[in-house]
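Asks: File follows, structure33.tsv with TSV, C-alpha atoms:
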chain	number	residue	atom	x	y	z
A	1436	MET	CA	-22.87	-11.33	8.73
A	1437	ASN	CA	-25.59	-9.75	10.76
A	1438	THR	CA	-27.28	-6.64	9.43
A	1439	GLN	CA	-25.81	-4.28	12.06
A	1440	HIS	CA	-22.26	-5.56	11.44
A	1441	ASN	CA	-22.74	-5.22	7.67
A	1442	GLU	CA	-24.07	-1.65	8.03
A	1443	ASN	CA	-21.07	-0.72	10.20
A	1444	ILE	CA	-18.64	-2.11	7.62
A	1445	ILE	CA	-20.41	-0.30	4.77
A	1446	GLU	CA	-20.25	2.94	6.77
A	1447	GLN	CA	-16.49	2.50	7.31
A	1448	VAL	CA	-15.86	1.69	3.64
A	1449	SER	CA	-18.04	4.59	2.51
A	1450	PHE	CA	-15.89	6.95	4.62
A	1451	VAL	CA	-12.63	5.60	3.12
A	1452	ASN	CA	-14.04	5.70	-0.42
A	1453	GLU	CA	-15.00	9.35	0.08
A	1454	ALA	CA	-11.48	10.03	1.43
A	1455	PHE	CA	-10.01	8.37	-1.70
A	1456	TYR	CA	-11.92	10.74	-4.00
A	1457	LEU	CA	-11.21	13.73	-1.78
A	1458	ALA	CA	-7.47	12.96	-2.01
A	1459	PHE	CA	-7.87	12.67	-5.78
A	1460	GLU	CA	-9.82	15.94	-6.04
A	1461	SER	CA	-7.48	17.89	-3.75
A	1462	LYS	CA	-4.34	16.34	-5.32
A	1463	ASP	CA	-3.16	15.19	-1.88
A	1464	VAL	CA	-0.42	12.59	-2.42
A	1465	THR	CA	0.08	11.97	1.30
A	1466	ALA	CA	-3.61	11.24	1.82
A	1467	MET	CA	-3.59	8.95	-1.23
A	1468	GLU	CA	-0.57	7.07	0.16
A	1469	ASN	CA	-2.40	6.58	3.48
A	1470	ILE	CA	-5.52	5.21	1.80
A	1471	TRP	CA	-3.67	2.48	-0.11
A	1472	ALA	CA	-2.68	-0.68	1.76
A	1473	ASP	CA	0.95	-1.25	2.64
A	1474	GLN	CA	1.42	-4.50	0.75
A	1475	GLU	CA	2.61	-5.69	-2.64
A	1476	GLN	CA	-0.43	-7.69	-3.73
A	1477	MET	CA	-2.48	-4.76	-5.01
A	1478	TYR	CA	-3.67	-3.73	-8.45
A	1479	CYS	CA	-4.54	-0.46	-10.16
A	1480	LEU	CA	-5.92	0.02	-13.67
A	1481	HIS	CA	-6.08	3.66	-14.73
A	1482	PRO	CA	-7.91	4.37	-18.02
A	1483	GLY	CA	-5.50	3.88	-20.92
A	1484	TRP	CA	-2.62	2.61	-18.74
A	1485	HIS	CA	-1.10	-0.82	-18.42
A	1486	PRO	CA	-2.16	-2.63	-15.22
A	1487	LEU	CA	-0.05	-1.68	-12.21
A	1488	THR	CA	0.83	-4.05	-9.40
A	1489	GLY	CA	2.51	-3.42	-6.08
A	1490	ARG	CA	2.49	-0.42	-3.80
A	1491	LYS	CA	5.59	1.27	-5.26
A	1492	ASP	CA	4.28	1.42	-8.85
A	1493	ILE	CA	0.76	2.35	-7.75
A	1494	ILE	CA	1.87	5.21	-5.51
A	1495	GLU	CA	4.26	6.47	-8.22
A	1496	SER	CA	1.33	6.53	-10.67
A	1497	TRP	CA	-0.82	8.55	-8.27
A	1498	THR	CA	2.06	10.93	-7.62
A	1499	ARG	CA	2.30	11.58	-11.37
A	1500	ILE	CA	-1.46	11.94	-11.81
A	1501	LEU	CA	-1.89	14.28	-8.85
A	1502	ALA	CA	1.09	16.42	-9.90
A	1503	ASN	CA	-0.45	16.94	-13.35
A	1504	THR	CA	-1.94	20.43	-13.31
A	1505	ALA	CA	-4.02	19.59	-16.40
A	1506	GLN	CA	-5.68	16.66	-14.61
A	1507	PRO	CA	-9.41	17.46	-14.49
A	1508	GLN	CA	-11.38	17.40	-11.26
A	1509	ILE	CA	-12.93	13.99	-10.61
A	1510	SER	CA	-16.01	13.41	-8.49
A	1511	PHE	CA	-17.90	10.22	-7.79
A	1512	ASP	CA	-21.53	9.29	-7.36
A	1513	SER	CA	-23.99	6.42	-7.10
A	1514	PRO	CA	-21.80	4.08	-5.03
A	1515	LYS	CA	-22.98	0.49	-4.67
A	1516	TYR	CA	-21.43	-1.79	-2.05
A	1517	LEU	CA	-20.76	-5.50	-2.35
A	1518	SER	CA	-19.49	-7.46	0.62
A	1519	ILE	CA	-16.89	-9.88	-0.71
A	1520	SER	CA	-15.92	-11.36	2.65
A	1521	ARG	CA	-16.02	-10.40	6.31
A	1522	ASP	CA	-13.07	-8.05	5.77
A	1523	SER	CA	-13.40	-7.01	2.10
A	1524	VAL	CA	-15.90	-4.78	0.32
A	1525	ALA	CA	-16.12	-3.68	-3.31
A	1526	VAL	CA	-17.47	-0.25	-4.23
A	1527	ILE	CA	-18.77	0.25	-7.74
A	1528	CYS	CA	-19.42	3.89	-8.64
A	1529	PHE	CA	-19.37	6.44	-11.41
A	1530	GLU	CA	-16.45	8.84	-11.71
A	1531	ARG	CA	-17.32	12.16	-13.32
A	1532	SER	CA	-15.07	14.68	-15.01
A	1533	PRO	CA	-15.95	17.55	-17.35
A	1534	GLN	CA	-14.74	15.51	-20.35
A	1535	GLN	CA	-16.09	12.02	-19.64
A	1536	ASN	CA	-17.90	9.59	-17.41
A	1537	MET	CA	-16.18	6.52	-16.04
A	1538	LEU	CA	-17.21	3.45	-14.13
A	1539	ALA	CA	-14.92	2.47	-11.25
A	1540	THR	CA	-14.46	-0.49	-8.97
A	1541	ASN	CA	-12.58	-0.02	-5.71
A	1542	ILE	CA	-11.92	-2.93	-3.36
A	1543	TYR	CA	-11.18	-2.27	0.29
A	1544	GLN	CA	-9.75	-4.76	2.76
A	1545	LYS	CA	-9.60	-4.43	6.52
A	1546	PHE	CA	-6.14	-4.32	8.09
A	1547	SER	CA	-6.17	-4.25	11.91
A	1548	ASP	CA	-8.95	-1.72	12.49
A	1549	ARG	CA	-8.90	0.23	9.19
A	1550	PHE	CA	-10.08	-0.41	5.66
A	1551	LYS	CA	-7.50	0.30	2.94
A	1552	ILE	CA	-7.81	0.15	-0.82
A	1553	ILE	CA	-6.18	-2.84	-2.54
A	1554	PHE	CA	-7.72	-2.53	-6.02
A	1555	HIS	CA	-8.81	0.38	-8.22
A	1556	GLN	CA	-10.08	0.10	-11.78
A	1557	SER	CA	-11.63	2.88	-13.81
A	1558	GLY	CA	-12.78	2.86	-17.41
A	1559	ILE	CA	-14.65	5.16	-19.72
A	1560	CYS	CA	-18.38	4.54	-20.16
A	1561	ASN	CA	-21.33	6.34	-21.72
Represent the structure of the file as structure tokens.

Replies:
Amino acid sequence: MNTQHNENIIEQVSFVNEAFYLAFESKDVTAMENIWADQEQMYCLHPGWHPLTGRKDIIESWTRILANTAQPQISFDSPKYLSISRDSVAVICFERSPQQNMLATNIYQKFSDRFKIIFHQSGICN
């Protein structure tokens, strides 16, 4: 990939990653649904949960999480980008809440002209 193409892809993925955390922070289920890909081969690993596969189970999990009024605010910082292929990028970042710090990996894949999340993993770290 040329540098300009790579920078454009990183910019697009950065925008979608920010939208993912904004949906999380604002408890916006519809936005979260729109950020996830519309396919079955996806994975989500929330801290302390069993791994989830498929859009239905993943969206149901986010609906439960975002409906939880006790769910603390989550922010993210220090994103690092790793191009996996021409149409896939991983974002590794810290997730911050008042109670704990987590390390997250989000993988985005391009579908038509938009990047969508296909993988989210978050775990507690120091």

Asks: Report, in Å with one decimal, the straight-line distance from atom CA of Gly1483 of chain A to atom CA of Thr1540 of chain A.

Replies: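 Result for atom CA of Gly1483 of chain A versus atom CA of Thr1540 of chain A: 15.6 Å, one decimal.
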
Asks: When you look at segment 1499-1515 of chain A with a cut-off of 10 Å (counting all atoms listed in the file), what residues show up, excluding the ones that are within fewer than 2 positions of it in the same chain? I need them as JSON, numbers by chain.

Replies: {"A": [1445, 1449, 1452, 1453, 1456, 1457, 1458, 1459, 1460, 1461, 1462, 1463, 1464, 1467, 1481, 1494, 1495, 1496, 1497, 1517, 1525, 1526, 1527, 1528, 1529, 1530, 1531, 1532, 1533, 1534, 1535, 1536, 1537, 1538, 1539, 1540]}

Asks: Could you jot down the atom CA of Thr1465 of chain A to atom CA of Ser1518 of chain A separation for me, Å, one decimal place?

Replies: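 Distance between the two atoms: 27.6 Å.
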
Asks: Report, in Å with one decimal, the straight-line distance from atom CA of Lys1545 of chain A to atom CA of Ser1523 of chain A.

Replies: 6.4 Å

Asks: Rank A:Ala1472, A:Met1477, A:Ile1493, A:Ile1552 by their smallest atom-to-atom distance to Phe1450 of chain A, using all atoms listed in the file, and report the top residue only.

Replies: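 Nearest to Phe1450 of chain A: A:Ile1552.
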
Asks: Smallest atom-to-atom distance to Tyr1516 of chain A: which of A:Asn1541, A:Asn1561, A:Asn1469, A:Gln1474, using all atoms listed in the file?

Replies: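 Residue with the minimum atom-to-atom distance to Tyr1516 of chain A: A:Asn1541.
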
Asks: Could you please give me, as a PyMOL selection string, the residues of protein, DNA or RNA lying at most 12 Å from (-17.2, 2.4, 8.4) in the coordinate frame of the file, considering only C-alpha atoms?

Replies: chain A and resi 1439-1454+1522-1524+1543-1545+1548-1551

Asks: Calculated over all atoms listed in the file, which of the candidates A:Cys1560, A:Glu1475, A:Ile1470, A:Ser1547 has the smallest distance to Leu1487 of chain A?

Replies: A:Glu1475

Asks: Within 7 Å of (-0.8, 1.1, -5.3) (coordinates as in the file), grab all the protein and nucleic acid residues, counting all atoms listed in the file, and write them out as a ChimeraX atom specification.

Replies: /A:1471,1477-1479,1488-1494

Asks: Could you pull segment 1448-1556 of chain A out of the structure just shown and give C-alpha atoms as a JSON list (two decimals), in the first residue's frame?

Replies:
[["chain", "number", "residue", "atom", "x", "y", "z"],
["A", 1448, "VAL", "CA", -10.86, 3.64, 10.64],
["A", 1449, "SER", "CA", -10.03, 6.28, 13.25],
["A", 1450, "PHE", "CA", -13.39, 7.95, 12.54],
["A", 1451, "VAL", "CA", -15.31, 4.66, 12.91],
["A", 1452, "ASN", "CA", -13.39, 3.74, 16.07],
["A", 1453, "GLU", "CA", -14.30, 7.10, 17.60],
["A", 1454, "ALA", "CA", -17.94, 6.52, 16.58],
["A", 1455, "PHE", "CA", -17.83, 3.10, 18.29],
["A", 1456, "TYR", "CA", -16.75, 4.66, 21.60],
["A", 1457, "LEU", "CA", -19.17, 7.56, 21.21],
["A", 1458, "ALA", "CA", -22.03, 5.05, 20.77],
["A", 1459, "PHE", "CA", -20.77, 3.23, 23.87],
["A", 1460, "GLU", "CA", -20.48, 6.45, 25.91],
["A", 1461, "SER", "CA", -23.87, 7.83, 24.82],
["A", 1462, "LYS", "CA", -25.57, 4.40, 25.15],
["A", 1463, "ASP", "CA", -26.81, 4.64, 21.55],
["A", 1464, "VAL", "CA", -27.91, 1.14, 20.50],
["A", 1465, "THR", "CA", -28.84, 2.22, 16.96],
["A", 1466, "ALA", "CA", -25.41, 3.74, 16.38],
["A", 1467, "MET", "CA", -23.78, 0.61, 17.79],
["A", 1468, "GLU", "CA", -25.85, -1.57, 15.45],
["A", 1469, "ASN", "CA", -24.73, 0.55, 12.47],
["A", 1470, "ILE", "CA", -21.05, 0.27, 13.39],
["A", 1471, "TRP", "CA", -21.05, -3.54, 13.50],
["A", 1472, "ALA", "CA", -20.88, -5.44, 10.20],
["A", 1473, "ASP", "CA", -23.97, -7.21, 8.93],
["A", 1474, "GLN", "CA", -22.53, -10.72, 8.83],
["A", 1475, "GLU", "CA", -22.33, -13.77, 11.03],
["A", 1476, "GLN", "CA", -18.56, -14.28, 11.11],
["A", 1477, "MET", "CA", -17.82, -11.75, 13.86],
["A", 1478, "TYR", "CA", -16.54, -12.06, 17.40],
["A", 1479, "CYS", "CA", -16.88, -10.07, 20.61],
["A", 1480, "LEU", "CA", -15.17, -10.72, 23.93],
["A", 1481, "HIS", "CA", -16.45, -8.49, 26.73],
["A", 1482, "PRO", "CA", -14.49, -8.65, 30.02],
["A", 1483, "GLY", "CA", -15.76, -11.57, 32.09],
["A", 1484, "TRP", "CA", -18.15, -12.86, 29.39],
["A", 1485, "HIS", "CA", -18.00, -15.96, 27.25],
["A", 1486, "PRO", "CA", -16.93, -15.23, 23.65],
["A", 1487, "LEU", "CA", -19.83, -14.13, 21.44],
["A", 1488, "THR", "CA", -20.11, -14.95, 17.76],
["A", 1489, "GLY", "CA", -22.55, -13.72, 15.15],
["A", 1490, "ARG", "CA", -24.34, -10.43, 14.75],
["A", 1491, "LYS", "CA", -27.49, -11.41, 16.69],
["A", 1492, "ASP", "CA", -25.67, -12.38, 19.90],
["A", 1493, "ILE", "CA", -23.25, -9.46, 19.67],
["A", 1494, "ILE", "CA", -25.97, -6.84, 19.17],
["A", 1495, "GLU", "CA", -28.04, -8.38, 21.99],
["A", 1496, "SER", "CA", -25.01, -8.08, 24.29],
["A", 1497, "TRP", "CA", -24.55, -4.41, 23.42],
["A", 1498, "THR", "CA", -28.25, -3.77, 23.92],
["A", 1499, "ARG", "CA", -27.97, -5.21, 27.44],
["A", 1500, "ILE", "CA", -24.77, -3.32, 28.24],
["A", 1501, "LEU", "CA", -26.05, 0.02, 26.95],
["A", 1502, "ALA", "CA", -29.39, -0.38, 28.77],
["A", 1503, "ASN", "CA", -27.56, -0.90, 32.08],
["A", 1504, "THR", "CA", -27.84, 2.40, 33.94],
["A", 1505, "ALA", "CA", -25.01, 1.32, 36.27],
["A", 1506, "GLN", "CA", -22.62, 0.86, 33.33],
["A", 1507, "PRO", "CA", -19.76, 3.32, 33.88],
["A", 1508, "GLN", "CA", -18.69, 5.78, 31.21],
["A", 1509, "ILE", "CA", -15.96, 4.37, 28.99],
["A", 1510, "SER", "CA", -13.46, 6.46, 27.08],
["A", 1511, "PHE", "CA", -10.53, 5.39, 24.95],
["A", 1512, "ASP", "CA", -7.04, 6.70, 24.32],
["A", 1513, "SER", "CA", -3.67, 5.92, 22.77],
["A", 1514, "PRO", "CA", -4.96, 4.13, 19.65],
["A", 1515, "LYS", "CA", -2.41, 2.27, 17.56],
["A", 1516, "TYR", "CA", -3.28, 1.10, 14.05],
["A", 1517, "LEU", "CA", -2.15, -2.08, 12.35],
["A", 1518, "SER", "CA", -2.99, -2.71, 8.71],
["A", 1519, "ILE", "CA", -3.89, -6.38, 8.43],
["A", 1520, "SER", "CA", -4.76, -6.33, 4.74],
["A", 1521, "ARG", "CA", -5.87, -3.83, 2.12],
["A", 1522, "ASP", "CA", -9.37, -3.82, 3.62],
["A", 1523, "SER", "CA", -8.79, -4.65, 7.30],
["A", 1524, "VAL", "CA", -7.25, -2.65, 10.14],
["A", 1525, "ALA", "CA", -6.79, -3.48, 13.81],
["A", 1526, "VAL", "CA", -6.96, -0.75, 16.46],
["A", 1527, "ILE", "CA", -5.32, -1.43, 19.79],
["A", 1528, "CYS", "CA", -6.20, 1.11, 22.48],
["A", 1529, "PHE", "CA", -6.81, 1.62, 26.17],
["A", 1530, "GLU", "CA", -10.36, 1.80, 27.48],
["A", 1531, "ARG", "CA", -10.75, 3.88, 30.63],
["A", 1532, "SER", "CA", -13.48, 3.81, 33.24],
["A", 1533, "PRO", "CA", -13.52, 5.21, 36.77],
["A", 1534, "GLN", "CA", -13.04, 1.71, 38.20],
["A", 1535, "GLN", "CA", -10.45, 0.15, 35.88],
["A", 1536, "ASN", "CA", -8.26, 0.33, 32.83],
["A", 1537, "MET", "CA", -8.66, -2.09, 29.97],
["A", 1538, "LEU", "CA", -6.78, -2.92, 26.80],
["A", 1539, "ALA", "CA", -8.94, -3.37, 23.70],
["A", 1540, "THR", "CA", -8.49, -4.67, 20.19],
["A", 1541, "ASN", "CA", -11.01, -3.69, 17.53],
["A", 1542, "ILE", "CA", -10.77, -5.00, 13.99],
["A", 1543, "TYR", "CA", -12.47, -3.14, 11.16],
["A", 1544, "GLN", "CA", -13.11, -4.48, 7.68],
["A", 1545, "LYS", "CA", -14.17, -2.51, 4.63],
["A", 1546, "PHE", "CA", -17.56, -3.37, 3.13],
["A", 1547, "SER", "CA", -18.35, -1.48, -0.09],
["A", 1548, "ASP", "CA", -17.18, 2.00, 0.89],
["A", 1549, "ARG", "CA", -17.41, 1.82, 4.72],
["A", 1550, "PHE", "CA", -15.37, 0.24, 7.48],
["A", 1551, "LYS", "CA", -17.36, -1.80, 10.00],
["A", 1552, "ILE", "CA", -16.25, -3.56, 13.16],
["A", 1553, "ILE", "CA", -15.98, -7.35, 12.97],
["A", 1554, "PHE", "CA", -14.05, -8.04, 16.20],
["A", 1555, "HIS", "CA", -13.95, -6.44, 19.65],
["A", 1556, "GLN", "CA", -11.98, -7.72, 22.62]]
